[in-house]
Amino acid sequence: MLLCPHSAVICAAGAGTRMGCPKALCLLGHRSFLSSIVETLYSVCVDNIIVVVGAEAQRIRDAHANLSVQWVENADWQHTYMLESLLCGLERVPQKHAVIHWPVDCVDVHVEDLKHLMDTKAPLASLAYDGVPGHPMRLTPEYVALLRQKAPQYVSLRQFVDEFCLETIAAQHPALMNCNTPQRLDDYLKSRCPK
């Protein structure tokens, strides 16, 4: 049973230069990365989903007109990091909600692993794959408030995470983390469907 309601902030503002297009539009099978993530969130009853866009924002919105999400634009996406996109999204999160922070280049997260992350009592937690912390990351309402308060002190979200104790939840299923190149995506798809 969830300890509090959840919102999700999907950071999808980058241009995806190495991928050749914004990562929100990349395909995992027949679904875009963004659609895949949103469907996973729907399946665990997270319905307050904020998508932060920047590069090709209108193209991404048009391609995902069927999704029931809130769109937020990071107008300064070319000169900022993911932390600023996350903060843009947090403006749409109700005060007492925990937040699932989910970069759009982390896909194919299993529903059961996401449920375990959402059920944790840790104030700051993420899924881990083969012992390596990954995404999504979950922050309690108290830590969302702390991040908002302390954000001017940080250049990146990593600095905030490093200052506090991140609990990792071991994922029981593989997922694709930090998909930055077409080769990485191809390698992952081949690993899912070996010959």
# chains A, B, ... in the order shown; residues from 1 in each chain; ligands from 1

call {"tool": "closest_atom_pairs", "arguments": {"of": "segment 61-167 of chain A", "to": "segment 36-51 of chain A", "cutoff": "10 Å", "atoms": "only C-alpha atoms", "output": "tab-separated table"}}
result
residue	atom	partner	partner_atom	distance
A:Arg61	CA	A:Val51	CA	9.5
A:Leu67	CA	A:Val38	CA	7.8
A:Ser68	CA	A:Ile49	CA	7.9
A:Val69	CA	A:Ile49	CA	5.1
A:Gln70	CA	A:Ile50	CA	4.7
A:Trp71	CA	A:Val51	CA	5.1
A:Val72	CA	A:Val51	CA	6.1
A:Glu73	CA	A:Val51	CA	8.3
A:Ser85	CA	A:Val51	CA	9.4
A:Leu86	CA	A:Val51	CA	9.4
A:Cys88	CA	A:Ile50	CA	9.5
A:Gly89	CA	A:Ile50	CA	6.0
A:Leu90	CA	A:Ile50	CA	8.3
A:Glu91	CA	A:Ile50	CA	9.6
A:Arg92	CA	A:Ile50	CA	7.2
A:Val93	CA	A:Asn48	CA	7.8
A:Pro94	CA	A:Asn48	CA	9.2
A:His97	CA	A:Asn48	CA	9.7
A:Val99	CA	A:Ile49	CA	9.7
A:Ile100	CA	A:Ile49	CA	9.3
A:His101	CA	A:Ile50	CA	9.9
A:Trp102	CA	A:Ile37	CA	8.4
A:Pro103	CA	A:Ile37	CA	9.5
A:Val104	CA	A:Ile37	CA	7.5
A:Asp105	CA	A:Ile37	CA	9.6
A:Cys106	CA	A:Ile37	CA	8.4
A:Val107	CA	A:Ile37	CA	6.4
A:Asp108	CA	A:Ser36	CA	7.2
A:Val109	CA	A:Thr40	CA	7.7
A:His110	CA	A:Thr40	CA	7.8
A:Val111	CA	A:Thr40	CA	6.3
A:Glu112	CA	A:Val44	CA	9.1
A:Leu114	CA	A:Val44	CA	8.0
A:Lys115	CA	A:Val44	CA	7.0
A:Met118	CA	A:Val44	CA	9.2

call {"tool": "closest_atom_pairs", "arguments": {"of": "segment 41-159 of chain A", "to": "segment 20-25 of chain A", "cutoff": "9 Å", "atoms": "only C-alpha atoms", "output": "JSON lines"}}
result
{"residue": "A:Val53", "atom": "CA", "partner": "A:Ala24", "partner_atom": "CA", "distance": 9.0}
{"residue": "A:Ala55", "atom": "CA", "partner": "A:Pro22", "partner_atom": "CA", "distance": 7.1}
{"residue": "A:Glu56", "atom": "CA", "partner": "A:Pro22", "partner_atom": "CA", "distance": 7.4}
{"residue": "A:Arg59", "atom": "CA", "partner": "A:Leu25", "partner_atom": "CA", "distance": 9.0}
{"residue": "A:Ile60", "atom": "CA", "partner": "A:Leu25", "partner_atom": "CA", "distance": 6.8}
{"residue": "A:Ala63", "atom": "CA", "partner": "A:Leu25", "partner_atom": "CA", "distance": 7.8}
{"residue": "A:Val104", "atom": "CA", "partner": "A:Ala24", "partner_atom": "CA", "distance": 6.0}
{"residue": "A:Asp105", "atom": "CA", "partner": "A:Lys23", "partner_atom": "CA", "distance": 6.1}

call {"tool": "closest_residue", "arguments": {"among": "A:Ile169, A:Cys4, A:Cys11, A:Val161", "to": "Lys96 of chain A", "atoms": "only C-alpha atoms"}}
result
A:Cys4

call {"tool": "atom_distance", "arguments": {"atom1": "atom CA of Arg138 of chain A", "atom2": "atom CA of Glu163 of chain A"}}
result
15.6 Å

call {"tool": "closest_residue", "arguments": {"among": "A:Arg184, A:His135, A:His64, A:His79", "to": "Asp113 of chain A", "atoms": "only C-alpha atoms"}}
result
A:His135

call {"tool": "atom_distance", "arguments": {"atom1": "atom CA of Ile10 of chain A", "atom2": "atom CA of Gln153 of chain A"}}
result
22.5 Å

call {"tool": "closest_residue", "arguments": {"among": "A:Asn66, A:Gln95, A:Ser191, A:Gln159", "to": "Glu142 of chain A", "atoms": "only C-alpha atoms"}}
result
A:Gln95

call {"tool": "atom_distance", "arguments": {"atom1": "atom CA of Leu117 of chain A", "atom2": "atom CA of Gln183 of chain A"}}
result
28.8 Å

call {"tool": "residues_around", "arguments": {"residues": "Lys150 of chain A", "least_positions_apart": "2", "cutoff": "12 Å", "atoms": "only C-alpha atoms", "output": "PDB file with N, CA and C atoms, in the first residue's frame"}}
result
ATOM      1  N   LEU A  83      18.457  19.036 -13.751  1.00  0.00           N
ATOM      2  CA  LEU A  83      17.935  19.582 -12.498  1.00  0.00           C
ATOM      3  C   LEU A  83      16.927  20.696 -12.767  1.00  0.00           C
ATOM      4  N   LEU A  87      12.958  20.817 -11.808  1.00  0.00           N
ATOM      5  CA  LEU A  87      12.357  21.912 -11.034  1.00  0.00           C
ATOM      6  C   LEU A  87      11.174  22.531 -11.775  1.00  0.00           C
ATOM      7  N   TYR A 143      11.379  15.502   0.831  1.00  0.00           N
ATOM      8  CA  TYR A 143      12.593  15.671   0.044  1.00  0.00           C
ATOM      9  C   TYR A 143      12.353  16.503  -1.218  1.00  0.00           C
ATOM     10  N   VAL A 144      11.130  16.489  -1.717  1.00  0.00           N
ATOM     11  CA  VAL A 144      10.788  17.398  -2.818  1.00  0.00           C
ATOM     12  C   VAL A 144      10.916  18.835  -2.319  1.00  0.00           C
ATOM     13  N   ALA A 145      10.376  19.100  -1.131  1.00  0.00           N
ATOM     14  CA  ALA A 145      10.479  20.451  -0.552  1.00  0.00           C
ATOM     15  C   ALA A 145      11.933  20.827  -0.304  1.00  0.00           C
ATOM     16  N   LEU A 146      12.719  19.873   0.168  1.00  0.00           N
ATOM     17  CA  LEU A 146      14.139  20.126   0.431  1.00  0.00           C
ATOM     18  C   LEU A 146      14.885  20.433  -0.865  1.00  0.00           C
ATOM     19  N   LEU A 147      14.579  19.698  -1.917  1.00  0.00           N
ATOM     20  CA  LEU A 147      15.218  19.947  -3.207  1.00  0.00           C
ATOM     21  C   LEU A 147      14.873  21.343  -3.721  1.00  0.00           C
ATOM     22  N   ARG A 148      13.605  21.711  -3.626  1.00  0.00           N
ATOM     23  CA  ARG A 148      13.199  23.053  -4.067  1.00  0.00           C
ATOM     24  C   ARG A 148      13.971  24.125  -3.294  1.00  0.00           C
ATOM     25  N   PRO A 152      19.234  26.109  -5.540  1.00  0.00           N
ATOM     26  CA  PRO A 152      20.222  27.105  -5.986  1.00  0.00           C
ATOM     27  C   PRO A 152      21.672  26.747  -5.635  1.00  0.00           C
ATOM     28  N   GLN A 153      21.865  25.837  -4.697  1.00  0.00           N
ATOM     29  CA  GLN A 153      23.217  25.446  -4.291  1.00  0.00           C
ATOM     30  C   GLN A 153      23.854  24.440  -5.251  1.00  0.00           C
ATOM     31  N   TYR A 154      23.061  23.866  -6.151  1.00  0.00           N
ATOM     32  CA  TYR A 154      23.546  22.752  -6.951  1.00  0.00           C
ATOM     33  C   TYR A 154      23.602  23.092  -8.440  1.00  0.00           C
ATOM     34  N   VAL A 155      24.557  22.483  -9.112  1.00  0.00           N
ATOM     35  CA  VAL A 155      24.627  22.541 -10.572  1.00  0.00           C
ATOM     36  C   VAL A 155      23.849  21.365 -11.163  1.00  0.00           C
ATOM     37  N   SER A 156      23.878  20.231 -10.465  1.00  0.00           N
ATOM     38  CA  SER A 156      23.226  19.033 -11.000  1.00  0.00           C
ATOM     39  C   SER A 156      22.447  18.324  -9.899  1.00  0.00           C
ATOM     40  N   LEU A 157      21.530  17.481 -10.330  1.00  0.00           N
ATOM     41  CA  LEU A 157      20.763  16.662  -9.393  1.00  0.00           C
ATOM     42  C   LEU A 157      21.687  15.704  -8.652  1.00  0.00           C
ATOM     43  N   GLN A 159      24.525  16.244  -7.366  1.00  0.00           N
ATOM     44  CA  GLN A 159      25.055  16.880  -6.156  1.00  0.00           C
ATOM     45  C   GLN A 159      24.065  16.769  -5.006  1.00  0.00           C
ATOM     46  N   PHE A 160      22.784  16.928  -5.295  1.00  0.00           N
ATOM     47  CA  PHE A 160      21.754  16.784  -4.260  1.00  0.00           C
ATOM     48  C   PHE A 160      21.723  15.350  -3.759  1.00  0.00           C
ATOM     49  N   VAL A 161      21.719  14.402  -4.681  1.00  0.00           N
ATOM     50  CA  VAL A 161      21.664  12.983  -4.309  1.00  0.00           C
ATOM     51  C   VAL A 161      22.879  12.602  -3.478  1.00  0.00           C
ATOM     52  N   GLU A 163      24.564  14.389  -1.488  1.00  0.00           N
ATOM     53  CA  GLU A 163      24.547  14.993  -0.153  1.00  0.00           C
ATOM     54  C   GLU A 163      23.692  14.197   0.831  1.00  0.00           C
TER      55      GLU A 163
END

call {"tool": "residues_around", "arguments": {"residues": "Leu166 of chain A", "least_positions_apart": "6", "cutoff": "10 Å", "atoms": "only C-alpha atoms", "output": "PDB file with C-alpha atoms, in the first residue's frame"}}
result
ATOM      1  CA  ALA A 122      13.123   5.704   2.223  1.00  0.00           C
ATOM      2  CA  PRO A 123      12.988   9.470   1.635  1.00  0.00           C
ATOM      3  CA  LEU A 124      15.238   9.248  -1.432  1.00  0.00           C
ATOM      4  CA  ALA A 125      15.449   6.025  -3.431  1.00  0.00           C
ATOM      5  CA  SER A 126      16.138   4.701  -6.914  1.00  0.00           C
ATOM      6  CA  PRO A 133      21.906   3.047  -9.176  1.00  0.00           C
ATOM      7  CA  MET A 137      14.165   7.921  -8.622  1.00  0.00           C
ATOM      8  CA  ARG A 138      11.568   8.559  -5.915  1.00  0.00           C
ATOM      9  CA  LEU A 139      11.496  11.504  -3.509  1.00  0.00           C
ATOM     10  CA  PHE A 160      21.754  16.784  -4.260  1.00  0.00           C
TER      11      PHE A 160
END
